[in-house]
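The next block is protein39.txt, given as compact mmCIF, C-alpha atoms.
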```
# COMPACT_ATOMS: atom_id res chain seq x y z
CA MET G 1 92.70 93.43 140.25
CA THR G 2 92.29 95.68 137.22
CA PRO G 3 94.78 98.59 137.38
CA GLN G 4 93.40 102.08 137.79
CA SER G 5 95.03 105.29 136.57
CA PRO G 6 96.60 107.11 139.58
CA THR G 7 95.47 110.57 138.41
CA PRO G 8 91.69 111.07 138.07
CA PRO G 9 90.45 112.86 134.93
CA SER G 10 88.96 116.36 134.99
CA VAL G 11 85.16 116.68 135.36
CA LYS G 12 85.14 118.13 131.81
CA LYS G 13 86.78 114.99 130.38
CA LEU G 14 84.38 112.77 132.33
CA THR G 15 81.42 114.80 131.04
CA GLU G 16 82.60 114.34 127.45
CA ILE G 17 82.64 110.54 127.78
CA PHE G 18 79.17 110.29 129.37
CA PHE G 19 77.78 112.79 126.84
CA ARG G 20 79.16 110.88 123.85
CA ILE G 21 78.21 107.38 124.96
CA GLY G 22 74.89 108.23 126.61
CA ASN G 23 73.53 110.16 123.66
CA THR G 24 74.67 108.00 120.79
CA THR G 25 73.98 104.50 122.15
CA PHE G 26 70.61 102.88 121.48
CA GLY G 27 69.28 99.84 123.32
CA GLY G 28 68.85 101.05 126.90
CA GLY G 29 70.72 100.63 130.17
CA TYR G 30 72.65 97.37 129.79
CA VAL G 31 74.04 98.33 126.37
CA ILE G 32 75.16 101.76 127.61
CA ILE G 33 76.73 100.27 130.76
CA GLY G 34 78.69 97.85 128.54
CA MET G 35 79.96 100.74 126.39
CA LEU G 36 80.93 102.75 129.49
CA GLY G 37 82.80 99.73 130.87
CA ARG G 38 84.80 99.41 127.67
CA GLU G 39 85.72 103.12 127.75
CA LEU G 40 86.21 103.79 131.49
CA VAL G 41 87.67 100.47 132.68
CA ASP G 42 89.45 98.97 129.66
CA ALA G 43 90.51 101.93 127.53
CA ARG G 44 91.11 104.80 129.99
CA ARG G 45 91.46 102.93 133.33
CA TRP G 46 89.74 105.75 135.21
CA ILE G 47 88.04 103.17 137.47
CA SER G 48 88.91 99.59 138.43
CA ALA G 49 86.69 96.68 137.31
CA GLU G 50 85.89 95.95 140.98
CA LYS G 51 84.60 99.48 141.64
CA PHE G 52 82.72 99.42 138.34
CA ASP G 53 80.99 96.17 139.43
CA LEU G 54 80.16 97.66 142.85
CA ALA G 55 78.52 100.66 141.13
CA PHE G 56 76.54 98.27 138.91
CA ALA G 57 75.30 96.17 141.85
CA LEU G 58 74.28 99.17 143.96
CA ALA G 59 72.57 100.90 141.04
CA ARG G 60 70.26 97.86 140.82
CA VAL G 61 68.99 98.44 144.36
CA THR G 62 68.75 102.24 144.03
CA PRO G 63 65.23 103.56 143.34
CA GLY G 64 64.59 104.97 139.87
CA THR G 65 66.30 104.22 136.58
CA ASN G 66 69.26 101.86 137.18
CA LEU G 67 71.39 103.39 134.44
CA ILE G 68 71.16 106.92 135.86
CA ALA G 69 72.03 105.69 139.37
CA PHE G 70 74.92 103.76 137.84
CA CYS G 71 76.23 106.95 136.20
CA ALA G 72 75.94 108.84 139.51
CA ALA G 73 77.88 106.07 141.29
CA VAL G 74 80.65 105.83 138.67
CA GLY G 75 80.89 109.63 138.38
CA ALA G 76 81.18 109.91 142.18
CA LEU G 77 83.83 107.18 142.36
CA ILE G 78 85.94 108.91 139.67
CA CYS G 79 85.47 112.65 140.40
CA GLY G 80 83.39 112.97 143.60
CA ILE G 81 80.00 114.70 143.84
CA ALA G 82 80.79 117.03 140.90
CA GLY G 83 81.54 113.95 138.82
CA ALA G 84 78.22 112.35 139.81
CA ILE G 85 76.22 115.43 138.79
CA ALA G 86 78.21 115.89 135.56
CA ALA G 87 77.82 112.22 134.54
CA VAL G 88 74.06 112.16 135.19
CA VAL G 89 73.32 115.47 133.43
CA ALA G 90 75.60 114.72 130.45
CA LEU G 91 73.95 111.35 129.92
CA THR G 92 70.30 112.31 130.40
CA LEU G 93 69.74 115.99 129.48
CA PRO G 94 70.38 115.85 125.71
CA SER G 95 68.52 112.54 125.31
CA SER G 96 65.60 113.98 127.34
CA VAL G 97 65.39 116.93 124.94
CA LEU G 98 65.46 114.50 122.02
CA ALA G 99 62.68 112.37 123.59
CA VAL G 100 60.47 115.48 123.97
CA LEU G 101 61.17 116.46 120.35
CA ILE G 102 60.16 112.96 119.23
CA MET G 103 57.01 113.30 121.39
CA LYS G 104 56.22 116.66 119.75
CA GLY G 105 56.74 115.02 116.37
CA PHE G 106 54.23 112.31 117.31
CA GLU G 107 51.69 115.01 118.26
CA SER G 108 52.07 117.00 115.05
CA TRP G 109 51.86 113.86 112.89
CA GLN G 110 48.51 112.81 114.39
CA GLY G 111 46.60 113.73 111.19
CA ASN G 112 49.12 112.18 108.80
CA ARG G 113 48.00 108.69 107.74
CA ILE G 114 51.48 107.52 106.66
CA ALA G 115 53.21 108.81 109.80
CA MET G 116 50.53 107.27 112.01
CA ALA G 117 50.98 103.90 110.24
CA ALA G 118 54.70 104.01 111.10
CA ILE G 119 53.98 105.12 114.68
CA GLY G 120 51.35 102.38 115.04
CA GLY G 121 54.03 99.82 114.13
CA THR G 122 56.46 101.23 116.69
CA VAL G 123 53.75 101.34 119.41
CA ALA G 124 53.16 97.61 118.84
CA ALA G 125 56.89 96.86 118.94
CA VAL G 126 57.27 98.79 122.20
CA ALA G 127 54.37 96.82 123.72
CA GLY G 128 56.33 93.65 122.95
CA MET G 129 59.44 95.23 124.46
CA MET G 130 57.57 95.92 127.70
CA TRP G 131 56.86 92.19 128.06
CA ALA G 132 60.51 91.44 127.28
CA THR G 133 61.50 93.87 130.07
CA ILE G 134 59.16 92.07 132.48
CA TRP G 135 60.79 88.75 131.58
CA VAL G 136 64.31 90.22 132.03
CA ILE G 137 63.40 91.36 135.57
CA LEU G 138 61.61 88.10 136.44
CA ARG G 139 64.05 85.57 134.93
CA PRO G 140 66.77 85.68 137.66
CA HIS G 141 64.10 84.95 140.29
CA VAL G 142 62.64 81.85 138.64
CA GLY G 143 64.01 78.63 140.20
CA GLY G 144 64.51 75.14 138.74
CA VAL G 145 62.73 71.89 139.62
CA THR G 146 64.70 71.31 142.84
CA TRP G 147 63.02 71.75 146.25
CA ASN G 148 64.61 75.17 146.76
CA GLY G 149 63.81 76.12 143.18
CA MET G 150 60.15 75.22 143.68
CA LYS G 151 60.06 77.29 146.87
CA ARG G 152 61.43 80.27 144.95
CA ASN G 153 58.86 79.73 142.18
CA LEU G 154 56.11 79.67 144.80
CA GLN G 155 57.39 83.01 146.08
CA VAL G 156 57.32 84.41 142.53
CA VAL G 157 53.72 83.23 142.06
CA LEU G 158 52.55 84.50 145.45
CA ILE G 159 54.23 87.93 145.45
CA ALA G 160 54.22 88.81 141.71
CA GLY G 161 50.85 87.10 141.14
CA GLY G 162 49.40 88.64 144.31
CA ALA G 163 50.61 92.11 143.26
CA PHE G 164 49.00 91.64 139.83
CA VAL G 165 45.66 90.48 141.31
CA ALA G 166 45.66 93.28 143.91
CA SER G 167 46.20 95.88 141.18
CA TRP G 168 44.21 94.41 138.27
CA ILE G 169 41.20 92.99 140.10
CA PHE G 170 41.00 94.87 143.40
CA ASP G 171 42.32 98.24 142.12
CA PHE G 172 44.84 98.72 144.92
CA THR G 173 47.27 101.59 144.26
CA PRO G 174 50.94 100.59 143.63
CA LEU G 175 52.47 101.98 146.85
CA PRO G 176 50.78 99.62 149.39
CA ILE G 177 51.33 96.69 147.00
CA ILE G 178 55.06 97.45 146.84
CA LEU G 179 55.26 97.82 150.63
CA VAL G 180 53.46 94.49 151.22
CA GLY G 181 55.67 92.77 148.61
CA THR G 182 58.84 94.13 150.27
CA LEU G 183 57.62 93.00 153.71
CA ALA G 184 56.71 89.54 152.36
CA GLY G 185 60.20 89.20 150.87
CA PHE G 186 61.77 90.35 154.14
CA LEU G 187 59.80 87.77 156.18
CA TRP G 188 60.17 84.90 153.68
CA LYS G 189 62.67 82.29 154.87
CA ASP G 190 64.85 81.53 151.85
CA GLU G 191 68.12 79.60 151.80
CA GLY G 192 68.81 80.59 148.17
CA ARG G 193 70.77 83.61 147.03
CA LEU G 194 69.20 86.69 145.49
CA MET V 1 48.70 121.31 136.95
CA LYS V 2 51.09 122.79 139.51
CA LEU V 3 54.68 122.04 138.63
CA LEU V 4 55.61 121.10 142.19
CA VAL V 5 52.74 118.57 142.32
CA LEU V 6 53.86 117.19 138.95
CA TYR V 7 57.43 116.86 140.22
CA LEU V 8 56.29 115.13 143.43
CA LEU V 9 54.00 112.70 141.56
CA LEU V 10 56.79 111.73 139.17
CA LEU V 11 59.33 111.57 142.00
CA LYS V 12 57.01 109.21 143.90
CA ALA V 13 56.76 106.99 140.81
CA SER V 14 60.52 107.09 140.32
CA LEU V 15 61.33 106.44 143.98
CA THR V 16 59.11 103.35 144.11
CA SER V 17 60.55 101.70 141.00
CA PHE V 18 63.80 99.90 140.28
CA SER V 19 64.06 100.02 136.49
CA GLY V 20 63.36 102.42 133.63
CA LEU V 21 59.81 101.20 133.03
CA GLY V 22 59.25 100.10 136.64
CA SER V 23 57.56 103.42 137.40
CA LEU V 24 54.90 102.75 134.75
CA PRO V 25 52.23 101.32 137.13
CA MET V 26 52.44 104.33 139.44
CA VAL V 27 52.46 106.80 136.53
CA ARG V 28 49.46 105.12 134.91
CA ASN V 29 47.59 105.11 138.21
CA ASP V 30 48.28 108.80 138.93
CA PHE V 31 48.06 110.30 135.43
CA VAL V 32 45.58 108.05 133.60
CA VAL V 33 43.33 106.44 136.24
CA GLU V 34 43.19 108.99 139.09
CA ARG V 35 43.71 112.42 137.48
CA HIS V 36 42.76 111.77 133.82
CA LEU V 37 45.63 113.96 132.62
CA LEU V 38 46.63 111.42 129.96
CA THR V 39 44.94 108.64 128.03
CA ASP V 40 46.42 105.15 127.72
CA HIS V 41 47.22 106.03 124.10
CA GLN V 42 49.19 109.12 125.14
CA LEU V 43 51.03 107.12 127.78
CA ASN V 44 51.89 104.56 125.11
CA MET V 45 53.21 107.38 122.89
CA ALA V 46 55.35 108.68 125.76
CA VAL V 47 56.84 105.21 126.29
CA VAL V 48 57.53 104.92 122.56
CA ALA V 49 59.18 108.37 122.44
CA GLY V 50 61.33 107.44 125.43
CA ARG V 51 62.48 104.23 123.77
CA THR V 52 62.92 105.55 120.23
CA GLY V 53 65.93 107.77 120.94
CA PRO V 54 69.22 107.01 122.69
CA GLY V 55 69.62 107.00 126.47
CA PRO V 56 67.80 105.24 129.32
CA TYR V 57 64.23 103.91 128.92
CA GLY V 58 63.11 105.95 131.96
CA LEU V 59 63.12 109.05 129.71
CA TYR V 60 59.44 108.39 129.06
CA LEU V 61 58.83 110.22 132.38
CA VAL V 62 60.03 113.46 130.75
CA CYS V 63 57.56 112.88 127.90
CA VAL V 64 54.72 112.20 130.35
CA ALA V 65 55.56 115.45 132.15
CA TYR V 66 55.70 117.29 128.81
CA LEU V 67 52.22 116.01 127.90
CA ALA V 68 50.89 117.04 131.33
CA ALA V 69 52.41 120.55 131.53
CA GLY V 70 54.41 121.44 128.40
CA VAL V 71 58.10 122.41 128.43
CA PRO V 72 58.20 123.53 132.12
CA GLY V 73 56.59 120.18 132.97
CA ALA V 74 59.24 118.35 130.95
CA PHE V 75 61.91 120.05 133.06
CA MET V 76 60.15 118.86 136.23
CA GLY V 77 60.00 115.37 134.71
CA PHE V 78 63.73 115.53 134.04
CA LEU V 79 64.42 116.55 137.66
CA ALA V 80 62.16 113.77 138.99
CA LEU V 81 63.95 111.30 136.73
CA ILE V 82 67.45 112.13 137.97
CA THR V 83 66.78 112.94 141.65
CA PRO V 84 66.63 109.34 142.98
CA ALA V 85 69.89 108.45 141.21
CA PHE V 86 71.90 110.41 143.77
CA LEU V 87 70.67 108.12 146.55
CA VAL V 88 73.26 105.67 145.26
CA ILE V 89 76.03 107.76 146.86
CA PRO V 90 74.94 107.24 150.52
CA LEU V 91 73.86 103.70 149.52
CA MET V 92 77.44 102.95 148.50
CA ARG V 93 78.36 103.47 152.16
CA TRP V 94 75.26 101.93 153.79
CA ILE V 95 74.22 98.90 151.70
CA GLY V 96 77.80 98.12 150.72
CA ALA V 97 78.26 96.79 154.26
CA ARG V 98 74.90 94.94 154.40
CA ALA V 99 74.36 93.53 150.88
CA ASP V 100 75.02 89.95 152.02
CA ILE V 101 72.40 89.93 154.80
CA PRO V 102 69.69 87.42 153.71
CA ARG V 103 66.81 89.53 155.07
CA VAL V 104 67.96 92.57 153.04
CA GLN V 105 68.26 90.38 149.94
CA GLY V 106 64.79 88.98 150.64
CA ALA V 107 63.25 92.45 150.98
CA ILE V 108 64.80 93.56 147.67
CA ARG V 109 63.57 90.36 146.00
CA GLY V 110 60.05 90.91 147.38
CA LEU V 111 60.08 94.47 146.09
CA LEU V 112 61.22 93.39 142.62
CA LEU V 113 58.56 90.64 142.42
CA ALA V 114 55.78 93.02 143.48
CA SER V 115 57.06 95.43 140.80
CA VAL V 116 56.78 92.66 138.19
CA GLY V 117 53.14 92.01 139.16
CA LEU V 118 52.39 95.71 138.88
CA LEU V 119 54.25 95.97 135.59
CA VAL V 120 52.11 93.16 134.15
CA SER V 121 48.99 94.95 135.38
CA SER V 122 49.97 98.23 133.69
CA SER V 123 51.36 96.63 130.52
CA LEU V 124 48.11 94.78 129.76
CA PRO V 125 45.97 97.86 128.96
CA LEU V 126 48.85 99.45 127.03
CA THR V 127 49.22 96.26 124.99
CA LEU V 128 45.48 96.18 124.32
CA ASP V 129 45.72 99.82 123.18
CA ALA V 130 48.63 98.92 120.85
CA TYR V 131 46.69 95.98 119.36
CA THR V 132 44.88 97.14 116.22
CA GLY V 133 44.84 93.97 114.12
CA VAL V 134 46.89 91.03 112.86
CA LEU V 135 49.99 93.10 111.98
CA SER V 136 50.21 94.75 115.39
CA ALA V 137 49.76 91.35 117.11
CA LEU V 138 52.62 89.94 115.00
CA LEU V 139 54.81 92.95 115.83
CA ILE V 140 54.10 92.61 119.58
CA VAL V 141 55.04 88.92 119.58
CA ALA V 142 58.04 89.39 117.25
CA SER V 143 59.55 92.27 119.24
CA PHE V 144 59.12 90.31 122.50
CA ALA V 145 60.78 87.23 120.99
CA LEU V 146 63.63 89.10 119.27
CA LEU V 147 64.48 91.13 122.37
CA THR V 148 64.27 88.07 124.64
CA PHE V 149 66.09 85.48 122.54
CA THR V 150 68.56 87.53 120.45
CA ARG V 151 71.01 90.36 121.10
CA ILE V 152 69.41 92.68 118.53
CA ASP V 153 69.56 96.42 119.28
CA SER V 154 66.06 97.71 120.08
CA ALA V 155 66.63 100.62 117.67
CA TRP V 156 66.45 98.10 114.80
CA LEU V 157 63.17 96.75 116.18
CA ILE V 158 61.72 100.26 116.29
CA LEU V 159 62.87 100.97 112.72
CA GLY V 160 61.66 97.58 111.47
CA ALA V 161 58.24 97.99 113.11
CA ALA V 162 57.86 101.50 111.66
CA GLY V 163 58.78 100.08 108.24
CA ALA V 164 56.25 97.25 108.62
CA GLY V 165 53.54 99.77 109.59
CA LEU V 166 54.39 101.91 106.55
CA ALA V 167 54.45 98.91 104.19
CA ALA V 168 51.07 97.75 105.47
CA SER V 169 49.54 101.21 104.93
CA PHE V 170 50.74 101.26 101.30
CA LEU V 171 49.38 97.74 100.66
CA ARG V 172 45.89 98.64 101.95
```

Would you write the structure of this file as structure tokens?
Amino acid sequence: MTPQSPTPPSVKKLTEIFFRIGNTTFGGGYVIIGMLGRELVDARRWISAEKFDLAFALARVTPGTNLIAFCAAVGALICGIAGAIAAVVALTLPSSVLAVLIMKGFESWQGNRIAMAAIGGTVAAVAGMMWATIWVILRPHVGGVTWNGMKRNLQVVLIAGGAFVASWIFDFTPLPIILVGTLAGFLWKDEGRL
Amino acid sequence: MKLLVLYLLLLKASLTSFSGLGSLPMVRNDFVVERHLLTDHQLNMAVVAGRTGPGPYGLYLVCVAYLAAGVPGAFMGFLALITPAFLVIPLMRWIGARADIPRVQGAIRGLLLASVGLLVSSSLPLTLDAYTGVLSALLIVASFALLTFTRIDSAWLILGAAGAGLAASFLR
């Protein structure tokens, strides 16, 4: 078991770490979580590796952005509710302001041919990134060529494919699709692990 | 648009998703298809702004809210973005004891798979909007491949794509 410092840090110290890492690290959730692990578990030992892993696992099943839920969980484990609030706000508020400033920049550059050429390139890159995100979510659920693997692949095709068809062709709104998908997963008899 | 309605719409999108961009189908449905508050192009811009800077990818919700209702809207978007995160605290008590139950795992898996189908459905029109010619098609494929098969930081992809767009405009 990874040792944990017996005295928890102050909320101010915790805020400083989340502020620094959350607002200077590019690359999204997994990169930031890796940086936080290095700082909080390895360098400062404010939280044990086991608790850090628990926070990571539960953040994945918490609605919303995984990274923000992860920060709330780690903040709560280190400094209680005040730590959860401090970690979430320190990580997201400055980068939210920056995102809005970038958005405002996009708006004011609408008439500028050179700026729009650069933005057009980034819009295309982000479209590719969206498909990469889809693959990252889907990949752990794709099985091999074994009997159980084929059953899991059938589930992927039926639920993910069904959700796509219901939305794209039949114009169902997302909420009932998500509810039906969750129910189908609940009722599906599967010997494999998640 | 009333700020409370904006907050509730974004909270609904956030509460029914399980990743930064997972809320995209709900947001597109509510803001582009149903209420015509944004165009697909504006939604694309919001996603780009959310991914260009540091921090989580879900920040695009703040940009969507800014486009819908200015700075007060952006604040509502920020609140809607962070509110669901605090559910993890009671979840640490509740699910911690039930995470190994196969039915619970199955329900979570079903939810994630349905989200993937919806994400494909909402990414298609945004990709079509981003496609403007050969260069954009190359950039879409290259960024997908680089992010999937290498460990490159997405900030470099954004910078590289902006540079490619600039270079192409000078060559025309």

Name the residues in contact with G:Ala76 at a cut-off of 10 Å, using only C-alpha atoms, excluding same-chain residues fewer than 4 positions from it; report them as a VMD selection string. (chain G and resid 55 70 to 72 80 to 87) or (chain V and resid 86 88 to 89)

Keeping only C-alpha atoms, write the selected residues as a short mmCIF file (atom, residue, chain, number, x, y, z; two decimals), keeping the file's coordinate frame.
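Result written to selection19.cif:
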```cif
data_model
loop_
_atom_site.label_atom_id
_atom_site.label_comp_id
_atom_site.auth_asym_id
_atom_site.auth_seq_id
_atom_site.Cartn_x
_atom_site.Cartn_y
_atom_site.Cartn_z
CA ALA G 55 78.52 100.66 141.13
CA PHE G 70 74.92 103.76 137.84
CA CYS G 71 76.23 106.95 136.20
CA ALA G 72 75.94 108.84 139.51
CA GLY G 80 83.39 112.97 143.60
CA ILE G 81 80.00 114.70 143.84
CA ALA G 82 80.79 117.03 140.90
CA GLY G 83 81.54 113.95 138.82
CA ALA G 84 78.22 112.35 139.81
CA ILE G 85 76.22 115.43 138.79
CA ALA G 86 78.21 115.89 135.56
CA ALA G 87 77.82 112.22 134.54
CA PHE V 86 71.90 110.41 143.77
CA VAL V 88 73.26 105.67 145.26
CA ILE V 89 76.03 107.76 146.86
#
```

Which residue gives the smallest distance to V:Asp40 among V:Leu147, V:Leu126, V:Leu15, V:Ala162, with all atoms listed in the file counted?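 So, comparing all the options, the nearest one is V:Leu126.
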
Please determine, counting all atoms listed in the file, which residue among G:Gly128, G:Gly143, G:Pro94, G:Pro8 has the shortest atom-to-atom distance to chain V.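 Nearest to chain V: G:Gly128.
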
Nearest candidate to chain G (options V:Trp156, V:Trp94, V:Phe31, V:Phe18; using all atoms listed in the file): V:Phe18

Could you please determine the separation between atom CA of G:Ala160 and atom CA of G:Trp135 in Å, to one decimal place?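 It comes out at 12.1 Å.
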
With distances taken over only C-alpha atoms, which of G:Met150, G:Ala132, G:Leu183, G:Leu98 is nearest to V:Gly53? G:Leu98

Up to 7 Å from (72.9, 101.1, 138.8) in the file's coordinates: name the residues, counting all atoms listed in the file, as a PyMOL selection string. chain G and resi 55-60+62+66-70

Filtering to C-alpha atoms, could you give me those residues as a short mmCIF file (atom, residue, chain, number, x, y, z; two decimals), keeping the file's coordinate frame?
```
data_model
loop_
_atom_site.label_atom_id
_atom_site.label_comp_id
_atom_site.auth_asym_id
_atom_site.auth_seq_id
_atom_site.Cartn_x
_atom_site.Cartn_y
_atom_site.Cartn_z
CA ALA G 55 78.52 100.66 141.13
CA PHE G 56 76.54 98.27 138.91
CA ALA G 57 75.30 96.17 141.85
CA LEU G 58 74.28 99.17 143.96
CA ALA G 59 72.57 100.90 141.04
CA ARG G 60 70.26 97.86 140.82
CA THR G 62 68.75 102.24 144.03
CA ASN G 66 69.26 101.86 137.18
CA LEU G 67 71.39 103.39 134.44
CA ILE G 68 71.16 106.92 135.86
CA ALA G 69 72.03 105.69 139.37
CA PHE G 70 74.92 103.76 137.84
#
```

How big is the axis-aligned box around all listed atoms of stretch 160-176 of chain G once 5 Å goes on each side, and where's its centre, in Å to one decimal, as AutoDock Vina command-line options?
```
--center_x 47.6 --center_y 94.5 --center_z 143.8 --size_x 23.2 --size_y 24.9 --size_z 21.1
```

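Counting all atoms listed in the file, the residue from V:Ala107, V:Ile101, V:Leu67, V:Leu8 that sits nearest to chain G is V:Ala107.
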